[in-house]
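This is entry_20.csv (CSV, C-alpha atoms and all ligand atoms).
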```
chain,number,residue,atom,x,y,z
A,27,MET,CA,0.0,0.0,0.0
A,28,LEU,CA,1.2,3.4,-0.9
A,29,HIS,CA,1.8,6.0,1.7
A,30,ALA,CA,-0.4,9.1,1.1
A,31,SER,CA,2.3,11.6,1.5
A,32,SER,CA,4.6,9.9,-0.9
A,33,THR,CA,1.9,9.8,-3.6
A,34,THR,CA,1.2,13.5,-2.9
A,35,GLY,CA,4.8,14.3,-3.2
A,36,ASN,CA,5.0,12.6,-6.6
A,37,THR,CA,2.2,14.7,-7.9
A,38,SER,CA,4.6,17.7,-8.1
A,39,VAL,CA,6.1,16.3,-11.3
A,40,PHE,CA,2.6,16.8,-12.7
A,41,ALA,CA,2.8,20.6,-12.3
A,42,ASP,CA,3.6,20.9,-16.0
A,43,TYR,CA,0.5,18.8,-16.7
A,44,GLY,CA,-1.8,21.2,-14.9
A,45,TRP,CA,-1.9,19.5,-11.5
A,46,THR,CA,-2.8,22.0,-8.7
A,47,PRO,CA,-2.4,22.0,-4.9
A,48,GLU,CA,-6.2,21.8,-4.8
A,49,LEU,CA,-6.1,18.5,-6.6
A,50,ASP,CA,-3.6,17.3,-4.0
A,51,GLU,CA,-6.4,17.7,-1.4
A,52,LEU,CA,-9.1,16.1,-3.5
A,53,PHE,CA,-6.8,13.2,-4.2
A,54,ALA,CA,-5.7,12.5,-0.6
A,55,PRO,CA,-8.5,10.0,0.2
A,56,LEU,CA,-7.8,8.1,-3.1
A,57,ALA,CA,-4.1,7.9,-2.2
A,58,GLU,CA,-5.2,6.4,1.2
A,59,GLY,CA,-7.0,3.7,-0.8
A,60,GLY,CA,-3.8,2.9,-2.7
A,61,LEU,CA,-4.6,4.6,-5.9
A,62,THR,CA,-2.0,6.5,-8.0
A,63,PRO,CA,-2.8,10.0,-9.5
A,64,ALA,CA,-2.8,10.0,-13.3
A,65,ARG,CA,-4.1,12.1,-16.2
A,66,ILE,CA,-5.9,10.5,-19.0
A,67,THR,CA,-4.1,11.3,-22.3
A,68,ARG,CA,-6.4,9.5,-24.7
A,69,VAL,CA,-9.5,7.3,-24.7
A,70,ASP,CA,-10.5,4.6,-27.2
A,71,ARG,CA,-12.5,1.4,-27.2
A,72,GLY,CA,-13.2,1.2,-23.5
A,73,MET,CA,-9.6,1.8,-22.6
A,74,CYS,CA,-7.4,4.8,-22.1
A,75,ASP,CA,-3.8,5.8,-21.9
A,76,VAL,CA,-2.9,7.4,-18.6
A,77,LEU,CA,0.2,9.3,-17.6
A,78,PHE,CA,1.4,8.9,-14.0
A,79,ALA,CA,4.5,9.3,-11.9
A,80,ASP,CA,6.0,5.9,-11.1
A,81,PRO,CA,5.6,5.4,-7.4
A,82,GLU,CA,9.1,3.9,-7.2
A,83,SER,CA,11.2,6.1,-9.4
A,84,GLY,CA,9.0,9.2,-9.6
A,85,GLU,CA,9.5,9.2,-13.3
A,86,LEU,CA,6.6,9.9,-15.6
A,87,ARG,CA,5.2,6.9,-17.4
A,88,THR,CA,2.2,6.0,-19.6
A,89,VAL,CA,0.2,2.8,-19.3
A,90,ARG,CA,-3.0,1.5,-20.8
A,91,ALA,CA,-5.8,1.3,-18.3
A,92,ASP,CA,-9.4,-0.1,-18.3
A,93,ILE,CA,-12.0,2.6,-17.8
A,94,ARG,CA,-14.9,0.2,-17.2
A,95,PRO,CA,-14.8,0.6,-13.4
A,96,VAL,CA,-15.8,4.3,-13.8
A,97,ARG,CA,-18.6,3.6,-16.3
A,98,ASP,CA,-21.7,5.8,-15.8
A,99,PRO,CA,-25.2,5.9,-17.2
A,100,ASP,CA,-24.7,9.5,-18.3
A,101,PRO,CA,-22.2,9.8,-21.2
A,102,ALA,CA,-21.2,13.2,-20.0
A,103,ASN,CA,-19.6,11.5,-17.0
A,104,TRP,CA,-17.5,9.0,-19.0
A,105,ALA,CA,-13.8,9.1,-18.7
A,106,CYS,CA,-12.3,11.6,-21.1
A,107,THR,CA,-9.0,13.0,-22.2
A,108,GLY,CA,-7.8,15.5,-19.7
A,109,ASP,CA,-9.5,13.8,-16.7
A,110,TRP,CA,-7.5,13.4,-13.5
A,111,ALA,CA,-7.9,9.9,-12.3
A,112,GLY,CA,-7.0,7.5,-9.5
A,113,ILE,CA,-5.5,4.4,-11.1
A,114,ASP,CA,-5.0,1.0,-9.6
A,115,LEU,CA,-1.6,-0.2,-10.9
A,116,THR,CA,-2.0,-3.6,-9.1
A,117,ALA,CA,-5.2,-4.6,-10.9
A,118,ARG,CA,-5.0,-7.6,-13.2
A,119,PRO,CA,-5.0,-8.3,-16.1
A,120,MET,CA,-4.4,-4.6,-16.6
A,121,PRO,CA,-4.3,-1.4,-14.6
A,122,THR,CA,-7.8,0.2,-14.1
A,123,VAL,CA,-9.1,3.7,-13.8
A,124,SER,CA,-10.8,3.3,-10.4
A,125,ALA,CA,-11.9,6.9,-9.8
A,126,LEU,CA,-12.2,10.2,-11.6
A,127,LEU,CA,-11.6,13.5,-9.8
A,128,PRO,CA,-14.3,16.2,-10.1
A,129,ARG,CA,-13.7,18.3,-13.3
A,130,SER,CA,-12.9,22.0,-13.1
A,131,THR,CA,-14.1,22.5,-16.7
A,132,ALA,CA,-15.6,20.3,-19.4
A,133,VAL,CA,-16.1,20.9,-23.1
A,134,ILE,CA,-19.4,19.2,-23.9
A,135,ARG,CA,-21.3,19.0,-27.1
A,136,LYS,CA,-24.6,17.3,-27.9
A,137,THR,CA,-24.1,13.9,-29.3
A,138,ALA,CA,-25.1,13.4,-33.0
A,139,GLY,CA,-28.6,12.4,-33.7
A,140,SER,CA,-31.8,13.1,-31.8
A,141,ARG,CA,-30.5,11.8,-28.4
A,142,SER,CA,-30.3,14.5,-25.8
A,143,GLU,CA,-27.0,13.4,-24.4
A,144,GLY,CA,-23.7,15.2,-24.0
A,145,GLN,CA,-20.3,14.1,-25.2
A,146,VAL,CA,-17.3,15.4,-23.4
A,147,LEU,CA,-14.5,16.5,-25.8
A,148,ALA,CA,-12.0,17.5,-23.2
A,149,ALA,CA,-11.9,17.9,-19.4
A,150,ASN,CA,-10.0,20.2,-17.1
A,151,VAL,CA,-8.7,22.7,-19.6
A,152,ASP,CA,-8.4,26.4,-18.9
A,153,THR,CA,-8.3,27.5,-22.6
A,154,VAL,CA,-10.5,26.4,-25.5
A,155,LEU,CA,-8.6,27.3,-28.7
A,156,ILE,CA,-10.8,27.5,-31.7
A,157,ALA,CA,-8.9,27.0,-35.0
A,158,SER,CA,-10.4,28.4,-38.2
A,159,SER,CA,-8.6,28.4,-41.5
A,160,LEU,CA,-8.0,31.7,-43.4
A,161,ALA,CA,-7.7,29.7,-46.6
A,162,ALA,CA,-11.5,29.5,-46.8
A,163,GLU,CA,-14.1,32.2,-46.1
A,164,PRO,CA,-14.6,32.2,-42.4
A,165,ASP,CA,-17.8,30.5,-41.3
A,166,LEU,CA,-18.9,33.1,-38.7
A,167,GLY,CA,-21.9,31.0,-37.6
A,168,ARG,CA,-19.7,28.1,-36.9
A,169,ILE,CA,-17.2,30.1,-34.9
A,170,GLU,CA,-20.1,31.6,-32.8
A,171,ARG,CA,-21.2,28.0,-32.1
A,172,PHE,CA,-17.7,27.0,-31.0
A,173,LEU,CA,-17.5,30.1,-28.9
A,174,ALA,CA,-20.7,29.3,-27.1
A,175,LEU,CA,-19.5,25.8,-26.5
A,176,ALA,CA,-16.2,27.2,-25.2
A,177,TRP,CA,-17.7,29.7,-22.8
A,178,GLU,CA,-20.1,27.0,-21.5
A,179,SER,CA,-17.1,24.8,-20.6
A,180,GLY,CA,-16.0,27.2,-18.0
A,181,ALA,CA,-12.6,27.7,-19.8
A,182,MET,CA,-11.5,30.8,-21.5
A,183,PRO,CA,-12.1,30.8,-25.3
A,184,LEU,CA,-9.3,31.8,-27.7
A,185,VAL,CA,-9.4,32.0,-31.5
A,186,ALA,CA,-6.6,31.1,-33.9
A,187,LEU,CA,-6.9,32.1,-37.6
A,188,THR,CA,-4.6,29.6,-39.2
A,189,LYS,CA,-2.7,29.4,-42.5
A,190,ALA,CA,-2.0,33.1,-42.7
A,191,ASP,CA,0.8,32.4,-45.2
A,192,LEU,CA,-1.9,31.5,-47.8
A,193,VAL,CA,-3.7,34.9,-47.7
A,194,ASP,CA,-3.0,38.6,-47.7
A,195,ASP,CA,-6.2,39.9,-46.1
A,196,ALA,CA,-5.7,38.2,-42.7
A,197,GLU,CA,-6.2,41.5,-40.8
A,198,PHE,CA,-9.6,42.1,-42.4
A,199,VAL,CA,-10.8,38.6,-41.5
A,200,LYS,CA,-9.4,39.1,-38.0
A,201,ALA,CA,-11.5,42.3,-37.6
A,202,ASP,CA,-14.6,40.5,-38.7
A,203,VAL,CA,-14.0,37.6,-36.3
A,204,GLU,CA,-13.3,40.0,-33.4
A,205,GLN,CA,-16.7,41.6,-34.0
A,206,ILE,CA,-18.4,38.2,-33.2
A,207,ALA,CA,-16.1,37.3,-30.4
A,208,PRO,CA,-16.6,39.8,-27.6
A,209,GLY,CA,-14.0,39.5,-24.9
A,210,VAL,CA,-12.0,36.9,-26.8
A,211,SER,CA,-8.5,37.3,-28.2
A,212,VAL,CA,-8.1,36.5,-31.9
A,213,VAL,CA,-4.6,35.6,-33.1
A,214,VAL,CA,-3.5,35.3,-36.8
A,215,VAL,CA,-1.1,32.4,-37.1
A,216,SER,CA,0.9,30.4,-39.6
A,217,ALA,CA,2.4,27.0,-38.8
A,218,GLU,CA,4.3,27.3,-42.0
A,219,THR,CA,6.1,30.6,-41.2
A,220,GLY,CA,5.8,30.6,-37.5
A,221,GLU,CA,3.9,33.9,-37.5
A,222,GLY,CA,1.8,34.4,-34.4
A,223,ILE,CA,2.8,31.2,-32.7
A,224,ASP,CA,4.5,32.9,-29.8
A,225,VAL,CA,1.6,35.3,-29.3
A,226,LEU,CA,-0.8,32.4,-29.3
A,227,ARG,CA,1.3,30.5,-26.8
A,228,ALA,CA,1.3,33.5,-24.5
A,229,CYS,CA,-2.5,33.6,-24.6
A,230,MET,CA,-2.9,29.9,-23.7
A,231,GLY,CA,-3.4,28.6,-20.2
A,232,SER,CA,-1.7,25.5,-18.8
A,233,SER,CA,-4.2,23.1,-20.4
A,234,THR,CA,-5.7,23.9,-23.8
A,235,ALA,CA,-8.3,22.1,-25.8
A,236,LEU,CA,-8.0,22.6,-29.6
A,237,LEU,CA,-11.3,22.6,-31.5
A,238,GLY,CA,-12.1,23.2,-35.1
A,239,GLN,CA,-13.4,21.7,-38.3
A,240,SER,CA,-11.4,19.0,-40.1
A,241,GLY,CA,-8.6,20.6,-42.1
A,242,ALA,CA,-8.6,23.7,-39.9
A,243,GLY,CA,-4.9,23.0,-39.2
A,244,LYS,CA,-5.2,21.8,-35.6
A,245,SER,CA,-2.6,19.1,-35.8
A,246,THR,CA,-0.2,21.3,-37.7
A,247,LEU,CA,-0.7,24.0,-35.1
A,248,THR,CA,0.0,21.5,-32.3
A,249,ASN,CA,3.2,20.5,-34.1
A,250,ALA,CA,4.2,24.2,-34.4
A,251,LEU,CA,3.5,24.7,-30.6
A,252,ILE,CA,5.7,21.7,-29.7
A,253,GLY,CA,8.2,22.4,-32.4
A,254,THR,CA,8.4,18.8,-33.5
A,255,GLU,CA,6.4,16.4,-35.7
A,256,VAL,CA,4.3,14.5,-33.2
A,257,MET,CA,0.9,14.6,-34.8
A,258,ALA,CA,0.3,13.0,-38.2
A,259,VAL,CA,-0.8,15.7,-40.5
A,260,GLN,CA,-3.3,14.9,-43.2
A,261,GLN,CA,-2.4,15.4,-46.9
A,262,THR,CA,-4.8,17.8,-48.3
A,263,ARG,CA,-5.8,16.6,-51.8
A,264,SER,CA,-6.3,19.9,-53.4
A,265,VAL,CA,-6.9,23.6,-52.8
A,266,ASP,CA,-10.5,22.8,-52.0
A,267,GLU,CA,-9.3,21.8,-48.5
A,268,LYS,CA,-11.0,18.4,-48.6
A,269,GLY,CA,-8.4,16.2,-47.0
A,270,ARG,CA,-8.4,12.8,-45.3
A,271,HIS,CA,-9.4,12.6,-41.7
A,272,THR,CA,-6.3,11.8,-39.7
A,273,THR,CA,-7.0,12.8,-36.1
A,274,THR,CA,-9.2,10.1,-34.8
A,275,THR,CA,-8.8,10.3,-31.0
A,276,ARG,CA,-8.4,13.1,-28.6
A,277,GLU,CA,-4.9,13.2,-27.4
A,278,LEU,CA,-3.2,15.1,-24.7
A,279,ILE,CA,0.3,16.4,-25.7
A,280,PRO,CA,2.8,18.1,-23.4
A,281,LEU,CA,4.3,21.4,-24.6
A,282,PRO,CA,7.9,22.4,-24.1
A,283,GLY,CA,8.1,24.7,-21.1
A,284,GLY,CA,5.0,23.3,-19.5
A,285,GLY,CA,1.4,22.9,-20.2
A,286,VAL,CA,-0.5,20.6,-22.5
A,287,VAL,CA,-2.7,20.6,-25.6
A,288,ILE,CA,-5.6,18.3,-26.3
A,289,ASP,CA,-6.0,17.9,-30.0
A,290,THR,CA,-9.5,16.8,-30.9
A,291,PRO,CA,-10.7,15.2,-34.2
A,292,GLY,CA,-12.2,17.7,-36.7
A,293,LEU,CA,-15.8,18.4,-35.7
A,294,ARG,CA,-18.5,18.5,-38.3
A,295,GLY,CA,-21.4,19.1,-36.0
A,296,VAL,CA,-21.0,21.0,-32.8
A,297,GLY,CA,-24.5,20.8,-31.3
A,298,LEU,CA,-24.8,23.0,-28.2
A,299,PHE,CA,-25.7,21.3,-24.9
A,300,GLY,CA,-27.5,24.1,-23.2
A,301,GLY,CA,-26.4,26.5,-20.6
A,302,GLU,CA,-25.3,30.1,-20.2
A,303,GLY,CA,-22.3,29.9,-22.6
A,304,LEU,CA,-24.5,31.3,-25.4
A,305,ALA,CA,-25.3,34.5,-23.5
A,306,GLN,CA,-21.5,35.0,-23.0
A,307,ALA,CA,-20.8,34.4,-26.6
A,308,PHE,CA,-23.3,37.1,-27.5
A,309,ALA,CA,-22.5,39.4,-24.6
A,310,GLU,CA,-23.1,42.6,-26.5
A,311,ILE,CA,-26.7,41.6,-27.3
A,312,GLU,CA,-27.3,40.5,-23.8
A,313,GLU,CA,-26.1,43.9,-22.6
A,314,LEU,CA,-28.4,45.7,-25.0
A,315,ALA,CA,-31.3,43.7,-23.8
A,316,GLN,CA,-30.9,45.4,-20.4
A,317,ASP,CA,-32.3,48.5,-22.1
A,318,CYS,CA,-35.5,46.9,-23.4
A,319,ARG,CA,-38.6,48.3,-21.8
A,320,PHE,CA,-39.8,44.9,-20.6
A,321,HIS,CA,-37.4,42.9,-18.6
A,322,ASP,CA,-38.7,39.7,-20.1
A,323,CYS,CA,-38.7,41.1,-23.6
A,324,GLY,CA,-38.6,38.4,-26.4
A,325,HIS,CA,-37.1,41.0,-28.8
A,326,GLN,CA,-39.8,40.2,-31.4
A,327,SER,CA,-42.4,43.0,-31.7
A,328,GLU,CA,-42.5,44.3,-28.2
A,329,PRO,CA,-42.5,48.1,-27.9
A,330,GLY,CA,-39.3,49.7,-26.6
A,331,CYS,CA,-37.1,46.7,-27.6
A,332,ALA,CA,-33.5,47.9,-27.6
A,333,VAL,CA,-32.3,44.8,-29.4
A,334,ARG,CA,-34.6,45.1,-32.4
A,335,ALA,CA,-33.7,48.8,-32.5
A,336,ALA,CA,-30.0,48.1,-32.6
A,337,VAL,CA,-30.6,45.6,-35.4
A,338,ALA,CA,-32.6,48.1,-37.4
A,339,ASP,CA,-29.9,50.7,-36.9
A,340,GLY,CA,-27.2,48.3,-38.0
A,341,VAL,CA,-25.5,48.4,-34.6
A,342,ILE,CA,-26.0,44.7,-34.4
A,343,ALA,CA,-25.6,42.8,-37.7
A,344,GLU,CA,-28.8,41.1,-38.9
A,345,ARG,CA,-26.8,37.9,-39.4
A,346,ARG,CA,-25.5,38.0,-35.9
A,347,TRP,CA,-29.0,38.5,-34.4
A,348,GLU,CA,-30.4,35.6,-36.5
A,349,SER,CA,-27.5,33.4,-35.5
A,350,TYR,CA,-28.2,34.1,-31.8
A,351,GLU,CA,-31.9,33.4,-32.2
A,352,LYS,CA,-31.1,30.1,-34.0
A,353,LEU,CA,-28.7,28.9,-31.3
A,354,GLN,CA,-31.1,30.0,-28.6
A,355,ARG,CA,-33.9,27.9,-30.1
A,356,GLU,CA,-31.5,25.0,-30.3
A,357,ASN,CA,-30.5,25.4,-26.7
A,358,GLU,CA,-34.2,25.6,-25.6
A,359,TRP,CA,-34.9,22.4,-27.5
A,360,ILE,CA,-32.1,20.6,-25.9
A,361,ALA,CA,-33.1,21.9,-22.5
A,362,SER,CA,-36.7,20.6,-23.0
A,363,ARG,CA,-35.3,17.3,-24.2
A,364,THR,CA,-33.0,17.0,-21.2
A,365,ASP,CA,-35.9,17.9,-18.9
A,366,ALA,CA,-38.0,15.3,-20.6
A,367,ARG,CA,-35.3,12.7,-20.2
A,368,LEU,CA,-34.8,13.5,-16.5
A,369,ALA,CA,-38.5,13.4,-16.0
A,370,ALA,CA,-38.7,10.0,-17.7
A,371,GLU,CA,-35.8,8.7,-15.5
A,372,ARG,CA,-37.5,10.0,-12.4
A,373,LEU,CA,-40.7,8.3,-13.4
A,374,LYS,CA,-38.8,5.0,-14.0
A,375,LYS,CA,-37.3,5.3,-10.6
A,376,TRP,CA,-40.7,6.0,-9.0
A,377,LYS,CA,-42.2,3.0,-10.8
A,378,THR,CA,-39.4,0.8,-9.5
A,379,ILE,CA,-39.9,2.2,-6.0
A,380,THR,CA,-43.7,1.6,-6.2
A,381,LYS,CA,-43.1,-2.0,-7.5
A,382,THR,CA,-40.8,-2.7,-4.6
A,383,HIS,CA,-43.3,-1.1,-2.3
A,384,ARG,CA,-46.0,-3.4,-3.6
A,385,ALA,CA,-43.8,-6.5,-3.4
A,386,MET,CA,-43.3,-5.6,0.2
A,387,GLY,CA,-47.1,-5.6,0.8
A,388,GLY,CA,-47.7,-1.8,0.6
A,389,SER,CA,-50.0,-0.2,-1.9
A,390,PRO,CA,-49.1,3.0,-3.8
A,391,LYS,CA,-51.3,6.0,-3.1
A,392,LYS,CA,-54.0,6.7,-5.6
B,1,LIG,N1,0.2,26.7,-46.0
B,1,LIG,C1,-0.2,26.2,-44.8
B,1,LIG,N2,-0.8,25.1,-44.7
B,1,LIG,C2,-1.2,24.6,-43.5
B,1,LIG,C3,-1.0,25.4,-42.3
B,1,LIG,N3,-1.5,24.7,-41.3
B,1,LIG,C4,-2.0,23.5,-41.8
B,1,LIG,N4,-1.9,23.5,-43.1
B,1,LIG,C5,-2.3,22.4,-44.0
B,1,LIG,O1,-3.7,22.2,-43.9
B,1,LIG,C6,-4.0,20.8,-44.0
B,1,LIG,C7,-4.8,20.4,-42.8
B,1,LIG,O2,-4.0,20.5,-41.6
B,1,LIG,P1,-4.2,19.5,-40.3
B,1,LIG,O3,-3.3,20.1,-39.3
B,1,LIG,O4,-4.1,18.1,-40.6
B,1,LIG,O5,-5.7,19.9,-40.0
B,1,LIG,P2,-6.6,19.3,-38.7
B,1,LIG,O6,-7.4,20.4,-38.3
B,1,LIG,O7,-5.7,18.7,-37.7
B,1,LIG,O8,-7.5,18.2,-39.4
B,1,LIG,P3,-8.2,16.9,-38.8
B,1,LIG,O9,-7.1,16.1,-38.2
B,1,LIG,O10,-8.9,16.3,-39.9
B,1,LIG,O11,-9.1,17.4,-37.7
B,1,LIG,C8,-2.7,20.1,-44.2
B,1,LIG,O12,-2.5,19.8,-45.5
B,1,LIG,C9,-1.7,21.1,-43.7
B,1,LIG,O13,-0.4,21.0,-44.3
B,1,LIG,C10,-0.3,26.6,-42.4
B,1,LIG,O14,0.0,27.4,-41.5
B,1,LIG,N5,0.1,27.0,-43.7
B,2,ZN,ZN,-36.1,43.5,-26.5
```
Take the structure in the file and give it back as structure tokens.
Amino acid sequence: MLHASSTTGNTSVFADYGWTPELDELFAPLAEGGLTPARITRVDRGMCDVLFADPESGELRTVRADIRPVRDPDPANWACTGDWAGIDLTARPMPTVSALLPRSTAVIRKTAGSRSEGQVLAANVDTVLIASSLAAEPDLGRIERFLALAWESGAMPLVALTKADLVDDAEFVKADVEQIAPGVSVVVVSAETGEGIDVLRACMGSSTALLGQSGAGKSTLTNALIGTEVMAVQQTRSVDEKGRHTTTTRELIPLPGGGVVIDTPGLRGVGLFGGEGLAQAFAEIEELAQDCRFHDCGHQSEPGCAVRAAVADGVIAERRWESYEKLQRENEWIASRTDARLAAERLKKWKTITKTHRAMGGSPKK
């Protein structure tokens, strides 16, 4: 059995990986139980790679571990890249993830299809870096979506406009994107020339999740940040930017000088999973709404609506307003679905309780 203080001591080698003294405290009871602190660096097929400090040598090592012991009915609670875990190195036939520490942040999108479930893309990051290629016309609606998702995670959003070497109007695009990203830094970068990489690095926290469409240049950017060729970069077939999909799992990669990046596969759909992130992503509209005559103004045809007035005056772009409304509707839908799901689960539970009650000779109240 490991001694708690020795395990706690080992966690200091994790400082570069984002371990904080607060985690030391959270982990103490797990250390008592003989578990070793570890960070999940990738998840696939019911297993994961975890990084841990060897209890003997104190050196950092990676092993494969079984995540089934921490299975949960809610996919949003499944083990995910970036999670801090307690692993049992003595488990046979292979080490197991026996506990997950509470997350400080979580990037969650709605799973594909009509199911109202959340999928965690990255856990415990302090920056969500949204990559968007300058080589194609920027999809502002998509960036707004990513920003809402990023704000909702609890981490700080950051935007990288990639492939600056391919265009000469980068500053114009930057200005457009800044307009739709209130409170967020937008950095123009090129992995090819190295432009902006240092600035970007300076804006990043100690753990960063990298999000963006396939082909946005995430893996290349990760390589530029590490300065070596760690990630396989896809071969783009032609200038139309349609390339083969290479990043298939989410991977946590250490950066020189400390900190980590979690590279995620290119995301086609980024369904919002509810919450207040949307209001933060559209902060200037939310602020205007304070001036509406009615505090519960729906900004449709109410008299004295400051938002509609701003749209009419061109202070808020029509596109921006429509985008906000669309995402809000989406959020409301998911909220009602989630409520319905929770209600159904409660009902199921109640039925089971009533059944048990009956079996025990009681009768449910009419
Ligand atoms: N000229 C130029 N090309 C770049 C730059 N960054 C990325 N590319 C190219 O863009 C293509 C896509 O880059 P990736 O890094 O694989 O894109 P990704 O976002 O990781 O894509 P997925 O793995 O599919 O999610 C590759 O052909 C890269 O060589 C850049 O700064 N300049
Ligand atoms: Zn209004």
Point (-1.8, 37.2, -21.2), cut-off 12 Å, counting all atoms listed in the file, residues as a list in words
Thr153, Met182, Leu184, Val210, Ser211, Asp224, Val225, Leu226, Arg227, Ala228, Cys229, Met230, Gly231 and Ser232 of chain A
Requested write-out: C-alpha atoms of the selected residues, as a compact mmCIF listing (two decimals), in the frame of the given file:
```txt
# COMPACT_ATOMS: atom_id res chain seq x y z
CA THR A 153 -8.30 27.50 -22.60
CA MET A 182 -11.50 30.80 -21.50
CA LEU A 184 -9.30 31.80 -27.70
CA VAL A 210 -12.00 36.90 -26.80
CA SER A 211 -8.50 37.30 -28.20
CA ASP A 224 4.50 32.90 -29.80
CA VAL A 225 1.60 35.30 -29.30
CA LEU A 226 -0.80 32.40 -29.30
CA ARG A 227 1.30 30.50 -26.80
CA ALA A 228 1.30 33.50 -24.50
CA CYS A 229 -2.50 33.60 -24.60
CA MET A 230 -2.90 29.90 -23.70
CA GLY A 231 -3.40 28.60 -20.20
CA SER A 232 -1.70 25.50 -18.80
```
Shell of 10 Å around Val96 of chain A, all atoms listed in the file, local chain residues under 2 positions omitted, as a PDB file with C-alpha atoms, in the coordinates of the input:
```
ATOM      1  CA  ASP A  92      -9.400  -0.100 -18.300  1.00  0.00           C
ATOM      2  CA  ILE A  93     -12.000   2.600 -17.800  1.00  0.00           C
ATOM      3  CA  ARG A  94     -14.900   0.200 -17.200  1.00  0.00           C
ATOM      4  CA  ASP A  98     -21.700   5.800 -15.800  1.00  0.00           C
ATOM      5  CA  ASN A 103     -19.600  11.500 -17.000  1.00  0.00           C
ATOM      6  CA  TRP A 104     -17.500   9.000 -19.000  1.00  0.00           C
ATOM      7  CA  ALA A 105     -13.800   9.100 -18.700  1.00  0.00           C
ATOM      8  CA  ALA A 111      -7.900   9.900 -12.300  1.00  0.00           C
ATOM      9  CA  THR A 122      -7.800   0.200 -14.100  1.00  0.00           C
ATOM     10  CA  VAL A 123      -9.100   3.700 -13.800  1.00  0.00           C
ATOM     11  CA  SER A 124     -10.800   3.300 -10.400  1.00  0.00           C
ATOM     12  CA  ALA A 125     -11.900   6.900  -9.800  1.00  0.00           C
ATOM     13  CA  LEU A 126     -12.200  10.200 -11.600  1.00  0.00           C
TER      14      LEU A 126
END
```
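You will find atom O5 of ligand LIG 1 (chain B) at 14.5 Å from atom CA of Leu192 of chain A.
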List every protein, DNA or RNA residue with an atom no more than 12 Å from (-5.3, 21.1, -5.1) in the file's coordinates, counting all atoms listed in the file, and format the result as number ranges by chain. A: 34, 37-38, 40-41, 44-54, 110, 127-128, 130
Nearby residues (only C-alpha atoms) at most 8 Å from segment 113-121 of chain A, same-chain spacing under 3 positions excluded, as an NGL selection string:
:A and (60-64 or 89-92 or 124-125)
Closest atom pairs, chain A residues within 7 Å of ligand ZN 2 (chain B), all atoms listed in the file, as JSON lines:
```
{"residue": "A:Ala315", "atom": "CA", "partner": "B:ZN2", "partner_atom": "ZN", "distance": 5.5}
{"residue": "A:Cys318", "atom": "CA", "partner": "B:ZN2", "partner_atom": "ZN", "distance": 4.6}
{"residue": "A:Cys323", "atom": "CA", "partner": "B:ZN2", "partner_atom": "ZN", "distance": 4.6}
{"residue": "A:Gly324", "atom": "CA", "partner": "B:ZN2", "partner_atom": "ZN", "distance": 5.7}
{"residue": "A:His325", "atom": "CA", "partner": "B:ZN2", "partner_atom": "ZN", "distance": 3.5}
{"residue": "A:Gln326", "atom": "CA", "partner": "B:ZN2", "partner_atom": "ZN", "distance": 7.0}
{"residue": "A:Glu328", "atom": "CA", "partner": "B:ZN2", "partner_atom": "ZN", "distance": 6.7}
{"residue": "A:Gly330", "atom": "CA", "partner": "B:ZN2", "partner_atom": "ZN", "distance": 7.0}
{"residue": "A:Cys331", "atom": "CA", "partner": "B:ZN2", "partner_atom": "ZN", "distance": 3.5}
{"residue": "A:Ala332", "atom": "CA", "partner": "B:ZN2", "partner_atom": "ZN", "distance": 5.2}
{"residue": "A:Val333", "atom": "CA", "partner": "B:ZN2", "partner_atom": "ZN", "distance": 5.0}
{"residue": "A:Arg334", "atom": "CA", "partner": "B:ZN2", "partner_atom": "ZN", "distance": 6.3}
```
Any chance you can output those residues with C-alpha atoms as an mmCIF file, keeping the file's coordinate frame?
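part_37.cif was written with the following content:
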```cif
data_model
loop_
_atom_site.group_PDB
_atom_site.id
_atom_site.type_symbol
_atom_site.label_atom_id
_atom_site.label_comp_id
_atom_site.auth_asym_id
_atom_site.auth_seq_id
_atom_site.Cartn_x
_atom_site.Cartn_y
_atom_site.Cartn_z
ATOM 1 C CA ALA A 315 -31.300 43.700 -23.800
ATOM 2 C CA CYS A 318 -35.500 46.900 -23.400
ATOM 3 C CA CYS A 323 -38.700 41.100 -23.600
ATOM 4 C CA GLY A 324 -38.600 38.400 -26.400
ATOM 5 C CA HIS A 325 -37.100 41.000 -28.800
ATOM 6 C CA GLN A 326 -39.800 40.200 -31.400
ATOM 7 C CA GLU A 328 -42.500 44.300 -28.200
ATOM 8 C CA GLY A 330 -39.300 49.700 -26.600
ATOM 9 C CA CYS A 331 -37.100 46.700 -27.600
ATOM 10 C CA ALA A 332 -33.500 47.900 -27.600
ATOM 11 C CA VAL A 333 -32.300 44.800 -29.400
ATOM 12 C CA ARG A 334 -34.600 45.100 -32.400
#
```
Non-local contacts of Ile66 of chain A (8 Å; only C-alpha atoms; under 2 positions in same chain excluded) as a compact mmCIF listing (two decimals) with C-alpha atoms, in the coordinates of the input:
```txt
# COMPACT_ATOMS: atom_id res chain seq x y z
CA ALA A 64 -2.80 10.00 -13.30
CA ARG A 68 -6.40 9.50 -24.70
CA VAL A 69 -9.50 7.30 -24.70
CA CYS A 74 -7.40 4.80 -22.10
CA ASP A 75 -3.80 5.80 -21.90
CA VAL A 76 -2.90 7.40 -18.60
CA LEU A 77 0.20 9.30 -17.60
CA CYS A 106 -12.30 11.60 -21.10
CA THR A 107 -9.00 13.00 -22.20
CA GLY A 108 -7.80 15.50 -19.70
CA ASP A 109 -9.50 13.80 -16.70
CA TRP A 110 -7.50 13.40 -13.50
CA ALA A 111 -7.90 9.90 -12.30
CA LEU A 278 -3.20 15.10 -24.70
```
